[in-house]
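The file query-v5.cif contains mmCIF, C-alpha atoms, pLDDT in the B column; chains and numbers go by the auth columns:
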data_final
loop_
_atom_site.group_PDB
_atom_site.id
_atom_site.type_symbol
_atom_site.label_atom_id
_atom_site.label_comp_id
_atom_site.label_asym_id
_atom_site.label_seq_id
_atom_site.Cartn_x
_atom_site.Cartn_y
_atom_site.Cartn_z
_atom_site.B_iso_or_equiv
_atom_site.auth_seq_id
_atom_site.auth_asym_id
ATOM 1 C CA MET A 1 11.979 -4.481 -24.880 38.00 30 A
ATOM 2 C CA LYS A 2 8.351 -4.157 -25.909 43.00 31 A
ATOM 3 C CA LYS A 3 7.224 -5.294 -22.472 47.00 32 A
ATOM 4 C CA LEU A 4 9.480 -2.716 -20.807 44.00 33 A
ATOM 5 C CA PHE A 5 7.846 0.140 -22.712 45.00 34 A
ATOM 6 C CA VAL A 6 4.271 -0.753 -21.867 45.00 35 A
ATOM 7 C CA LEU A 7 5.081 -0.672 -19.844 48.00 36 A
ATOM 8 C CA VAL A 8 7.906 1.189 -22.054 46.00 37 A
ATOM 9 C CA PRO A 9 6.708 -0.923 -21.741 42.00 38 A
ATOM 10 C CA VAL A 10 4.593 -0.359 -21.323 43.00 39 A
ATOM 11 C CA VAL A 11 5.531 -1.341 -22.484 42.00 40 A
ATOM 12 C CA LEU A 12 5.211 -0.092 -23.238 41.00 41 A
ATOM 13 C CA PHE A 13 5.369 1.075 -23.062 38.00 42 A
ATOM 14 C CA LEU A 14 -0.158 3.088 -22.137 40.00 43 A
ATOM 15 C CA ILE A 15 -0.466 6.677 -22.709 38.00 44 A
ATOM 16 C CA GLY A 16 -2.739 9.610 -21.828 39.00 45 A
ATOM 17 C CA CYS A 17 -4.961 11.508 -19.428 39.00 46 A
ATOM 18 C CA GLY A 18 -8.117 13.542 -19.418 38.00 47 A
ATOM 19 C CA GLY A 19 -11.171 13.423 -21.654 40.00 48 A
ATOM 20 C CA GLY A 20 -11.790 12.338 -25.208 47.00 49 A
ATOM 21 C CA GLU A 21 -10.068 15.402 -26.664 59.00 50 A
ATOM 22 C CA LYS A 22 -6.700 14.283 -25.309 82.00 51 A
ATOM 23 C CA ASP A 23 -4.281 12.240 -27.391 83.00 52 A
ATOM 24 C CA TYR A 24 -3.577 9.108 -25.412 69.00 53 A
ATOM 25 C CA TRP A 25 -0.674 7.951 -27.580 83.00 54 A
ATOM 26 C CA PRO A 26 0.713 10.874 -29.606 89.00 55 A
ATOM 27 C CA LEU A 27 1.991 9.458 -32.881 92.00 56 A
ATOM 28 C CA SER A 28 4.000 11.777 -35.115 95.00 57 A
ATOM 29 C CA VAL A 29 7.322 11.295 -36.821 97.00 58 A
ATOM 30 C CA GLY A 30 9.966 12.970 -34.662 97.00 59 A
ATOM 31 C CA ASN A 31 8.327 12.309 -31.283 97.00 60 A
ATOM 32 C CA VAL A 32 10.999 11.360 -28.736 97.00 61 A
ATOM 33 C CA TRP A 33 10.689 10.148 -25.128 97.00 62 A
ATOM 34 C CA GLU A 34 13.796 9.879 -22.954 97.00 63 A
ATOM 35 C CA TYR A 35 13.711 8.047 -19.631 97.00 64 A
ATOM 36 C CA GLN A 36 16.095 7.421 -16.765 97.00 65 A
ATOM 37 C CA SER A 37 15.800 4.235 -14.746 95.00 66 A
ATOM 38 C CA GLN A 38 17.060 2.902 -11.448 96.00 67 A
ATOM 39 C CA THR A 39 16.805 -0.786 -10.575 96.00 68 A
ATOM 40 C CA LYS A 40 17.433 -2.222 -7.108 96.00 69 A
ATOM 41 C CA VAL A 41 18.252 -5.928 -7.129 95.00 70 A
ATOM 42 C CA THR A 42 18.113 -7.941 -3.910 94.00 71 A
ATOM 43 C CA THR A 43 19.389 -11.512 -3.670 93.00 72 A
ATOM 44 C CA PRO A 44 19.935 -13.694 -0.590 90.00 73 A
ATOM 45 C CA ASP A 45 23.592 -12.606 -0.601 93.00 74 A
ATOM 46 C CA THR A 46 23.661 -8.978 -1.718 94.00 75 A
ATOM 47 C CA THR A 47 21.836 -5.841 -2.840 96.00 76 A
ATOM 48 C CA PHE A 48 22.947 -3.603 -5.693 96.00 77 A
ATOM 49 C CA THR A 49 21.570 -0.805 -7.892 97.00 78 A
ATOM 50 C CA ILE A 50 21.707 -0.400 -11.673 95.00 79 A
ATOM 51 C CA THR A 51 21.105 2.931 -13.442 96.00 80 A
ATOM 52 C CA ASP A 52 20.272 3.149 -17.128 94.00 81 A
ATOM 53 C CA SER A 53 18.503 5.248 -19.749 94.00 82 A
ATOM 54 C CA LEU A 54 15.951 4.518 -22.454 94.00 83 A
ATOM 55 C CA LYS A 55 15.122 6.520 -25.577 95.00 84 A
ATOM 56 C CA ILE A 56 12.062 5.914 -27.745 96.00 85 A
ATOM 57 C CA GLU A 57 11.761 7.721 -31.070 96.00 86 A
ATOM 58 C CA ILE A 58 9.175 7.569 -33.843 96.00 87 A
ATOM 59 C CA THR A 59 11.426 7.518 -36.875 95.00 88 A
ATOM 60 C CA GLY A 60 8.964 7.178 -39.731 97.00 89 A
ATOM 61 C CA GLU A 61 5.772 5.827 -41.246 97.00 90 A
ATOM 62 C CA THR A 62 5.724 2.467 -43.010 97.00 91 A
ATOM 63 C CA THR A 63 3.457 -0.466 -43.829 97.00 92 A
ATOM 64 C CA LEU A 64 3.290 -3.993 -42.459 97.00 93 A
ATOM 65 C CA ASN A 65 3.495 -6.990 -44.764 97.00 94 A
ATOM 66 C CA ASN A 66 -0.331 -7.057 -44.831 96.00 95 A
ATOM 67 C CA GLY A 67 -0.484 -3.423 -45.987 96.00 96 A
ATOM 68 C CA LYS A 68 -1.544 -1.788 -42.702 95.00 97 A
ATOM 69 C CA LYS A 69 -0.084 1.679 -42.170 96.00 98 A
ATOM 70 C CA VAL A 70 1.943 1.987 -38.968 97.00 99 A
ATOM 71 C CA PHE A 71 4.578 4.123 -37.274 97.00 100 A
ATOM 72 C CA GLU A 72 8.094 2.796 -36.750 97.00 101 A
ATOM 73 C CA ALA A 73 9.369 3.236 -33.174 96.00 102 A
ATOM 74 C CA ILE A 74 12.972 2.583 -32.172 95.00 103 A
ATOM 75 C CA MET A 75 13.770 1.898 -28.516 93.00 104 A
ATOM 76 C CA SER A 76 17.414 2.153 -27.539 88.00 105 A
ATOM 77 C CA ASN A 77 19.456 1.832 -24.370 73.00 106 A
ATOM 78 C CA GLY A 78 22.828 0.943 -25.801 60.00 107 A
ATOM 79 C CA GLY A 79 21.298 -1.335 -28.443 64.00 108 A
ATOM 80 C CA GLY A 80 18.134 -0.935 -30.438 76.00 109 A
ATOM 81 C CA ASP A 81 14.743 -2.576 -30.831 91.00 110 A
ATOM 82 C CA THR A 82 12.201 -1.654 -33.503 95.00 111 A
ATOM 83 C CA THR A 83 8.457 -2.058 -33.068 96.00 112 A
ATOM 84 C CA TYR A 84 5.508 -0.820 -35.108 97.00 113 A
ATOM 85 C CA TRP A 85 2.571 1.129 -33.652 96.00 114 A
ATOM 86 C CA GLU A 86 -0.940 1.387 -35.054 96.00 115 A
ATOM 87 C CA LYS A 87 -3.647 3.668 -33.652 92.00 116 A
ATOM 88 C CA THR A 88 -7.359 3.356 -34.469 92.00 117 A
ATOM 89 C CA ASP A 89 -10.384 5.074 -32.927 90.00 118 A
ATOM 90 C CA ASP A 90 -10.657 2.270 -30.367 93.00 119 A
ATOM 91 C CA TYR A 91 -7.190 0.748 -29.919 93.00 120 A
ATOM 92 C CA VAL A 92 -3.442 1.189 -29.973 93.00 121 A
ATOM 93 C CA PHE A 93 -1.610 -1.922 -31.188 96.00 122 A
ATOM 94 C CA ILE A 94 2.100 -2.801 -30.994 96.00 123 A
ATOM 95 C CA TYR A 95 3.613 -5.159 -33.574 96.00 124 A
ATOM 96 C CA ASP A 96 6.927 -6.960 -33.015 94.00 125 A
ATOM 97 C CA ASN A 97 7.840 -6.945 -36.694 95.00 126 A
ATOM 98 C CA LYS A 98 6.318 -6.308 -40.111 97.00 127 A
ATOM 99 C CA ALA A 99 5.125 -9.911 -40.424 97.00 128 A
ATOM 100 C CA ASP A 100 3.356 -9.890 -37.016 95.00 129 A
ATOM 101 C CA THR A 101 -0.370 -10.625 -37.337 93.00 130 A
ATOM 102 C CA GLU A 102 -1.172 -10.819 -33.586 92.00 131 A
ATOM 103 C CA PRO A 103 -0.214 -7.475 -32.043 94.00 132 A
ATOM 104 C CA ASP A 104 -0.271 -6.605 -28.369 94.00 133 A
ATOM 105 C CA THR A 105 -3.080 -4.278 -27.269 95.00 134 A
ATOM 106 C CA ALA A 106 -1.447 -1.273 -25.617 93.00 135 A
ATOM 107 C CA LEU A 107 -4.654 0.749 -25.185 92.00 136 A
ATOM 108 C CA VAL A 108 -8.385 0.234 -25.343 94.00 137 A
ATOM 109 C CA LEU A 109 -10.030 3.636 -25.797 91.00 138 A
ATOM 110 C CA PRO A 110 -11.501 5.595 -24.196 91.00 139 A
ATOM 111 C CA LEU A 111 -9.578 5.136 -20.959 91.00 140 A
ATOM 112 C CA GLU A 112 -11.887 4.903 -17.964 93.00 141 A
ATOM 113 C CA GLU A 113 -11.456 4.026 -14.317 96.00 142 A
ATOM 114 C CA GLY A 114 -11.815 0.277 -13.836 96.00 143 A
ATOM 115 C CA LYS A 115 -11.355 -0.650 -17.498 96.00 144 A
ATOM 116 C CA THR A 116 -9.359 -3.878 -17.916 96.00 145 A
ATOM 117 C CA TRP A 117 -7.949 -5.663 -20.967 96.00 146 A
ATOM 118 C CA ASN A 118 -5.380 -8.249 -22.016 93.00 147 A
ATOM 119 C CA PHE A 119 -2.226 -6.610 -23.306 92.00 148 A
ATOM 120 C CA HIS A 120 -0.818 -10.014 -24.284 85.00 149 A
ATOM 121 C CA LYS A 121 -1.841 -13.630 -23.861 76.00 150 A
ATOM 122 C CA ASP A 122 -0.289 -16.795 -25.223 79.00 151 A
ATOM 123 C CA SER A 123 1.287 -20.036 -24.011 78.00 152 A
ATOM 124 C CA LEU A 124 4.432 -18.213 -22.802 83.00 153 A
ATOM 125 C CA TYR A 125 2.981 -15.396 -20.713 85.00 154 A
ATOM 126 C CA THR A 126 -0.050 -13.238 -20.031 88.00 155 A
ATOM 127 C CA GLU A 127 -0.153 -9.506 -19.357 91.00 156 A
ATOM 128 C CA THR A 128 -3.246 -7.656 -18.164 94.00 157 A
ATOM 129 C CA ILE A 129 -3.780 -3.914 -17.730 96.00 158 A
ATOM 130 C CA LYS A 130 -6.283 -2.170 -15.449 96.00 159 A
ATOM 131 C CA ILE A 131 -6.959 1.578 -15.225 97.00 160 A
ATOM 132 C CA ILE A 132 -6.992 2.580 -11.537 97.00 161 A
ATOM 133 C CA GLY A 133 -7.691 6.315 -11.476 96.00 162 A
ATOM 134 C CA LYS A 134 -6.084 9.748 -11.810 94.00 163 A
ATOM 135 C CA GLU A 135 -3.156 11.358 -9.993 95.00 164 A
ATOM 136 C CA SER A 136 -0.644 14.173 -10.387 96.00 165 A
ATOM 137 C CA VAL A 137 2.925 13.036 -11.067 96.00 166 A
ATOM 138 C CA THR A 138 6.262 14.860 -10.769 97.00 167 A
ATOM 139 C CA VAL A 139 9.254 13.528 -12.719 97.00 168 A
ATOM 140 C CA PRO A 140 12.468 15.197 -13.966 97.00 169 A
ATOM 141 C CA ALA A 141 10.629 16.378 -17.110 97.00 170 A
ATOM 142 C CA GLY A 142 8.064 18.276 -15.017 96.00 171 A
ATOM 143 C CA THR A 143 4.760 17.955 -13.158 97.00 172 A
ATOM 144 C CA TYR A 144 1.798 16.418 -14.961 95.00 173 A
ATOM 145 C CA ASP A 145 -1.742 16.738 -13.580 93.00 174 A
ATOM 146 C CA ASP A 146 -4.746 14.433 -14.054 90.00 175 A
ATOM 147 C CA CYS A 147 -2.652 11.445 -15.131 93.00 176 A
ATOM 148 C CA TRP A 148 -4.207 8.044 -15.492 94.00 177 A
ATOM 149 C CA LYS A 149 -2.602 5.432 -13.252 96.00 178 A
ATOM 150 C CA ALA A 150 -2.619 1.918 -14.692 96.00 179 A
ATOM 151 C CA MET A 151 -1.669 -1.426 -13.152 96.00 180 A
ATOM 152 C CA ASP A 152 0.085 -3.983 -15.347 94.00 181 A
ATOM 153 C CA ILE A 153 0.294 -7.646 -14.249 92.00 182 A
ATOM 154 C CA TYR A 154 2.756 -9.870 -16.133 89.00 183 A
ATOM 155 C CA SER A 155 2.775 -13.585 -15.410 86.00 184 A
ATOM 156 C CA SER A 156 4.729 -16.515 -16.849 83.00 185 A
ATOM 157 C CA THR A 157 5.545 -19.958 -15.533 78.00 186 A
ATOM 158 C CA SER A 158 8.544 -18.623 -13.594 76.00 187 A
ATOM 159 C CA ILE A 159 8.065 -14.883 -13.047 79.00 188 A
ATOM 160 C CA THR A 160 5.350 -12.541 -11.855 81.00 189 A
ATOM 161 C CA GLU A 161 5.716 -8.771 -12.323 88.00 190 A
ATOM 162 C CA THR A 162 3.499 -5.955 -11.096 92.00 191 A
ATOM 163 C CA SER A 163 3.924 -2.523 -12.659 95.00 192 A
ATOM 164 C CA TYR A 164 2.249 0.821 -12.124 97.00 193 A
ATOM 165 C CA VAL A 165 2.328 3.288 -15.010 96.00 194 A
ATOM 166 C CA TRP A 166 1.378 6.980 -15.031 95.00 195 A
ATOM 167 C CA LEU A 167 0.168 8.457 -18.321 92.00 196 A
ATOM 168 C CA ALA A 168 0.140 12.177 -19.043 94.00 197 A
ATOM 169 C CA PRO A 169 -2.146 14.118 -21.428 90.00 198 A
ATOM 170 C CA ASP A 170 -0.734 14.621 -24.927 93.00 199 A
ATOM 171 C CA VAL A 171 2.663 13.371 -23.692 95.00 200 A
ATOM 172 C CA GLY A 172 2.497 9.658 -22.937 93.00 201 A
ATOM 173 C CA GLN A 173 4.096 7.509 -20.293 95.00 202 A
ATOM 174 C CA VAL A 174 5.868 9.668 -17.711 96.00 203 A
ATOM 175 C CA LYS A 175 6.579 7.177 -14.931 97.00 204 A
ATOM 176 C CA MET A 176 6.643 3.457 -14.206 97.00 205 A
ATOM 177 C CA ILE A 177 7.377 1.440 -11.070 97.00 206 A
ATOM 178 C CA ARG A 178 7.843 -2.316 -11.557 94.00 207 A
ATOM 179 C CA THR A 179 8.431 -5.132 -9.068 92.00 208 A
ATOM 180 C CA GLU A 180 9.659 -8.528 -10.256 88.00 209 A
ATOM 181 C CA SER A 181 10.508 -11.481 -8.054 82.00 210 A
ATOM 182 C CA ASP A 182 11.077 -15.198 -7.857 79.00 211 A
ATOM 183 C CA THR A 183 12.635 -17.455 -5.223 76.00 212 A
ATOM 184 C CA ASN A 184 16.156 -16.159 -5.931 85.00 213 A
ATOM 185 C CA TYR A 185 15.777 -12.395 -6.190 86.00 214 A
ATOM 186 C CA THR A 186 13.596 -9.295 -6.030 90.00 215 A
ATOM 187 C CA MET A 187 13.999 -6.482 -8.555 92.00 216 A
ATOM 188 C CA GLU A 188 12.405 -3.035 -8.203 95.00 217 A
ATOM 189 C CA THR A 189 12.641 -0.626 -11.148 95.00 218 A
ATOM 190 C CA LYS A 190 11.648 3.040 -11.330 97.00 219 A
ATOM 191 C CA LEU A 191 11.485 4.622 -14.802 97.00 220 A
ATOM 192 C CA GLU A 192 10.936 8.392 -15.132 98.00 221 A
ATOM 193 C CA LEU A 193 10.660 10.757 -18.084 97.00 222 A
ATOM 194 C CA TYR A 194 13.394 13.419 -18.167 97.00 223 A
ATOM 195 C CA ASN A 195 13.021 14.810 -21.683 97.00 224 A
ATOM 196 C CA VAL A 196 10.274 14.705 -24.312 97.00 225 A
ATOM 197 C CA THR A 197 9.653 16.106 -27.783 96.00 226 A
ATOM 198 C CA ILE A 198 6.112 15.912 -29.201 95.00 227 A
ATOM 199 C CA LYS A 199 5.653 17.176 -32.760 92.00 228 A
#

Produce structure tokens that represent the structure in this file.
Amino acid sequence: MKKLFVLVPVVLFLIGCGGGEKDYWPLSVGNVWEYQSQTKVTTPDTTFTITDSLKIEITGETTLNNGKKVFEAIMSNGGGDTTYWEKTDDYVFIYDNKADTEPDTALVLPLEEGKTWNFHKDSLYTETIKIIGKESVTVPAGTYDDCWKAMDIYSSTSITETSYVWLAPDVGQVKMIRTESDTNYTMETKLELYNVTIK
């Protein structure tokens, strides 16, 4: 689920537009992002579409086992997955659990065209993010100008995914398009924001 947000996500989930005065990942208890998704799956034998929804809510502040202060974020689409978000002057980190000592790097601030960093890297998979530029984006929640567009490349031994994420000022991720494929199938997912509450 963490990968979906940065998306969703990313990851997950990569958030923000504009200059240094903008909040690239607004963290306050009570913030809620609601997304609708549509996934087209193509196999050698058939093609079908799956629709779904995703809700992300910051439910509270807490501390990790090492004492770091973080925000608790719950992602749900029928089930639930809890991650922990930390924001510094230079980074936004995502922790899988309170014992996690090697978080994923959601953002490296300030965002600038051409900036690239590793979101995640280990023996199982790597994920790299690159800031491409700015665009205006229209989704069910509205039209957002001057959004950063980021490219996310996920690679493991069996799967390669390419995602594009649009990030709106003082709101967060508003849109994602992801393509995943192997020798047996191709899967294209579009995730769009339809409701948001920022405290």

Review point. Do you have the atom CA of Glu221 of chain A-atom CA of Thr186 of chain A distance handy?
Key: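 So the two atoms, atom CA of Glu221 of chain A and atom CA of Thr186 of chain A, lie 28.9 Å apart.
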
Exercise for review: May I have the residues within 8 Å of Glu164 of chain A as a ChimeraX atom specification, using all atoms listed in the file and disregarding those fewer than 3 positions away in the same chain?
Suggested key: /A:174-178

Practice item. Have a look at A:Tyr173, A:Thr218, A:Thr112, A:Asp81 and name the one nearest to Tyr193 of chain A; count all atoms listed in the file. Key: A:Thr218

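Nearest residue to Trp114 of chain A, choosing from A:Tyr214, A:Gly143, A:Ile161, A:Val58 and counting only C-alpha atoms: A:Val58.
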
Check your understanding: Looking at only C-alpha atoms, which of A:Thr134, A:Thr88, A:Thr208, A:Ser192 is the one that sits closest to Thr111 of chain A?
Key ->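 Closest to Thr111 of chain A, using only C-alpha atoms: A:Thr88.
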
Exercise for review: Please evaluate the PyMOL selection byres ((chain A and resi 150-155) around 9) against the displayed coordinates and give the resulting residues as a list in words.
Suggested key: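 So the PyMOL selection byres ((chain A and resi 150-155) around 9), applied here, picks out Asp133, Asn147, Phe148, His149, Glu156, Thr157, Ile182, Tyr183, Ser184, Ser185 and Thr186 of chain A.
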
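Minimum distance to Gly59 of chain A across A:Thr72, A:Gly96, A:Ala102, A:Glu142 (counting all atoms listed in the file) occurs at A:Ala102.
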
Check your understanding: Do you know which residues are at most 8 Å from segment 90-95 of chain A counting all atoms listed in the file, after dropping those on the same chain fewer than 3 positions away, and could you put them as an NGL selection string?
Key -> :A and (58 or 98-101 or 126-128)

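Of the residues under consideration (A:Asp129, A:Glu141, A:Glu86, A:Glu209), A:Glu209 shows the shortest atom-to-atom contact distance to Glu190 of chain A when counting only C-alpha atoms.
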
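When atom CA of Leu140 of chain A is paired with atom CA of Ile188 of chain A, their separation reads 27.8 Å.
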
Practice item. Mind giving me the straight-line distance from atom CA of Lys228 of chain A to atom CA of Asn60 of chain A in Å, one decimal? Key: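 Separation of atom CA of Lys228 of chain A and atom CA of Asn60 of chain A: 5.7 Å.
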
Exercise for review: On this file, the PyMOL selection byres ((chain A and resi 217) around 7) gives some set of residues; write that set as a PyMOL selection string.
Suggested key: chain A and resi 68-70+207-209+215-216+218-219

Please evaluate the PyMOL selection byres ((chain A and resi 84) around 7) against the structure above and give the resulting residues as a PDB file with C-alpha atoms, in the frame of the given file.
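Saved the output as expr.pdb:
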ATOM      1  CA  TRP A  62      10.689  10.148 -25.128  1.00 97.00           C
ATOM      2  CA  GLU A  63      13.796   9.879 -22.954  1.00 97.00           C
ATOM      3  CA  TYR A  64      13.711   8.047 -19.631  1.00 97.00           C
ATOM      4  CA  SER A  82      18.503   5.248 -19.749  1.00 94.00           C
ATOM      5  CA  LEU A  83      15.951   4.518 -22.454  1.00 94.00           C
ATOM      6  CA  ILE A  85      12.062   5.914 -27.745  1.00 96.00           C
ATOM      7  CA  GLU A  86      11.761   7.721 -31.070  1.00 96.00           C
ATOM      8  CA  MET A 104      13.770   1.898 -28.516  1.00 93.00           C
ATOM      9  CA  SER A 105      17.414   2.153 -27.539  1.00 88.00           C
ATOM     10  CA  ASN A 106      19.456   1.832 -24.370  1.00 73.00           C
TER      11      ASN A 106
END

Complete the atoms of segment 152-180 of chain A to N, CA and C atoms and put them out as a PDB file, keeping the file's coordinate frame.
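Generated file (rebuild06.pdb):
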ATOM      1  N   SER A 152       0.835 -18.929 -24.844  1.00 78.00           N
ATOM      2  CA  SER A 152       1.287 -20.036 -24.011  1.00 78.00           C
ATOM      3  C   SER A 152       2.509 -19.681 -23.173  1.00 78.00           C
ATOM      4  N   LEU A 153       3.213 -18.592 -23.522  1.00 83.00           N
ATOM      5  CA  LEU A 153       4.432 -18.213 -22.802  1.00 83.00           C
ATOM      6  C   LEU A 153       4.160 -17.305 -21.617  1.00 83.00           C
ATOM      7  N   TYR A 154       3.285 -16.308 -21.809  1.00 85.00           N
ATOM      8  CA  TYR A 154       2.981 -15.396 -20.713  1.00 85.00           C
ATOM      9  C   TYR A 154       1.686 -14.654 -20.974  1.00 85.00           C
ATOM     10  N   THR A 155       1.112 -14.110 -19.912  1.00 88.00           N
ATOM     11  CA  THR A 155      -0.050 -13.238 -20.031  1.00 88.00           C
ATOM     12  C   THR A 155       0.294 -11.894 -19.406  1.00 88.00           C
ATOM     13  N   GLU A 156      -0.350 -10.852 -19.899  1.00 91.00           N
ATOM     14  CA  GLU A 156      -0.153  -9.506 -19.357  1.00 91.00           C
ATOM     15  C   GLU A 156      -1.483  -8.767 -19.423  1.00 91.00           C
ATOM     16  N   THR A 157      -1.943  -8.299 -18.278  1.00 94.00           N
ATOM     17  CA  THR A 157      -3.246  -7.656 -18.164  1.00 94.00           C
ATOM     18  C   THR A 157      -3.080  -6.251 -17.613  1.00 94.00           C
ATOM     19  N   ILE A 158      -3.854  -5.315 -18.137  1.00 96.00           N
ATOM     20  CA  ILE A 158      -3.780  -3.914 -17.730  1.00 96.00           C
ATOM     21  C   ILE A 158      -5.128  -3.483 -17.158  1.00 96.00           C
ATOM     22  N   LYS A 159      -5.075  -2.725 -16.057  1.00 96.00           N
ATOM     23  CA  LYS A 159      -6.283  -2.170 -15.449  1.00 96.00           C
ATOM     24  C   LYS A 159      -6.058  -0.699 -15.140  1.00 96.00           C
ATOM     25  N   ILE A 160      -7.021   0.150 -15.528  1.00 97.00           N
ATOM     26  CA  ILE A 160      -6.959   1.578 -15.225  1.00 97.00           C
ATOM     27  C   ILE A 160      -7.471   1.792 -13.802  1.00 97.00           C
ATOM     28  N   ILE A 161      -6.651   2.419 -12.951  1.00 97.00           N
ATOM     29  CA  ILE A 161      -6.992   2.580 -11.537  1.00 97.00           C
ATOM     30  C   ILE A 161      -7.678   3.909 -11.255  1.00 97.00           C
ATOM     31  N   GLY A 162      -7.134   4.997 -11.758  1.00 96.00           N
ATOM     32  CA  GLY A 162      -7.691   6.315 -11.476  1.00 96.00           C
ATOM     33  C   GLY A 162      -6.715   7.394 -11.914  1.00 96.00           C
ATOM     34  N   LYS A 163      -6.922   8.619 -11.398  1.00 94.00           N
ATOM     35  CA  LYS A 163      -6.084   9.748 -11.810  1.00 94.00           C
ATOM     36  C   LYS A 163      -5.270  10.294 -10.652  1.00 94.00           C
ATOM     37  N   GLU A 164      -4.053  10.759 -10.970  1.00 95.00           N
ATOM     38  CA  GLU A 164      -3.156  11.358  -9.993  1.00 95.00           C
ATOM     39  C   GLU A 164      -2.297  12.408 -10.686  1.00 95.00           C
ATOM     40  N   SER A 165      -1.688  13.277  -9.896  1.00 96.00           N
ATOM     41  CA  SER A 165      -0.644  14.173 -10.387  1.00 96.00           C
ATOM     42  C   SER A 165       0.709  13.502 -10.175  1.00 96.00           C
ATOM     43  N   VAL A 166       1.619  13.694 -11.119  1.00 96.00           N
ATOM     44  CA  VAL A 166       2.925  13.036 -11.067  1.00 96.00           C
ATOM     45  C   VAL A 166       4.016  14.065 -11.346  1.00 96.00           C
ATOM     46  N   THR A 167       5.090  14.014 -10.533  1.00 97.00           N
ATOM     47  CA  THR A 167       6.262  14.860 -10.769  1.00 97.00           C
ATOM     48  C   THR A 167       7.449  13.967 -11.106  1.00 97.00           C
ATOM     49  N   VAL A 168       8.069  14.243 -12.253  1.00 97.00           N
ATOM     50  CA  VAL A 168       9.254  13.528 -12.719  1.00 97.00           C
ATOM     51  C   VAL A 168      10.261  14.579 -13.178  1.00 97.00           C
ATOM     52  N   PRO A 169      11.490  14.193 -13.535  1.00 97.00           N
ATOM     53  CA  PRO A 169      12.468  15.197 -13.966  1.00 97.00           C
ATOM     54  C   PRO A 169      11.997  16.081 -15.126  1.00 97.00           C
ATOM     55  N   ALA A 170      11.121  15.577 -15.984  1.00 97.00           N
ATOM     56  CA  ALA A 170      10.629  16.378 -17.110  1.00 97.00           C
ATOM     57  C   ALA A 170       9.596  17.413 -16.697  1.00 97.00           C
ATOM     58  N   GLY A 171       9.047  17.308 -15.468  1.00 96.00           N
ATOM     59  CA  GLY A 171       8.064  18.276 -15.017  1.00 96.00           C
ATOM     60  C   GLY A 171       6.953  17.630 -14.205  1.00 96.00           C
ATOM     61  N   THR A 172       5.934  18.434 -13.898  1.00 97.00           N
ATOM     62  CA  THR A 172       4.760  17.955 -13.158  1.00 97.00           C
ATOM     63  C   THR A 172       3.592  17.836 -14.120  1.00 97.00           C
ATOM     64  N   TYR A 173       2.924  16.704 -14.065  1.00 95.00           N
ATOM     65  CA  TYR A 173       1.798  16.418 -14.961  1.00 95.00           C
ATOM     66  C   TYR A 173       0.567  16.123 -14.117  1.00 95.00           C
ATOM     67  N   ASP A 174      -0.512  16.885 -14.344  1.00 93.00           N
ATOM     68  CA  ASP A 174      -1.742  16.738 -13.580  1.00 93.00           C
ATOM     69  C   ASP A 174      -2.712  15.802 -14.293  1.00 93.00           C
ATOM     70  N   ASP A 175      -3.641  15.253 -13.523  1.00 90.00           N
ATOM     71  CA  ASP A 175      -4.746  14.433 -14.054  1.00 90.00           C
ATOM     72  C   ASP A 175      -4.255  13.225 -14.839  1.00 90.00           C
ATOM     73  N   CYS A 176      -3.167  12.616 -14.416  1.00 93.00           N
ATOM     74  CA  CYS A 176      -2.652  11.445 -15.131  1.00 93.00           C
ATOM     75  C   CYS A 176      -3.430  10.189 -14.770  1.00 93.00           C
ATOM     76  N   TRP A 177      -3.655   9.363 -15.770  1.00 94.00           N
ATOM     77  CA  TRP A 177      -4.207   8.044 -15.492  1.00 94.00           C
ATOM     78  C   TRP A 177      -3.124   7.171 -14.881  1.00 94.00           C
ATOM     79  N   LYS A 178      -3.483   6.437 -13.841  1.00 96.00           N
ATOM     80  CA  LYS A 178      -2.602   5.432 -13.252  1.00 96.00           C
ATOM     81  C   LYS A 178      -3.125   4.061 -13.662  1.00 96.00           C
ATOM     82  N   ALA A 179      -2.230   3.251 -14.239  1.00 96.00           N
ATOM     83  CA  ALA A 179      -2.619   1.918 -14.692  1.00 96.00           C
ATOM     84  C   ALA A 179      -1.782   0.869 -13.986  1.00 96.00           C
ATOM     85  N   MET A 180      -2.388  -0.290 -13.725  1.00 96.00           N
ATOM     86  CA  MET A 180      -1.669  -1.426 -13.152  1.00 96.00           C
ATOM     87  C   MET A 180      -1.490  -2.475 -14.231  1.00 96.00           C
TER      88      MET A 180
END
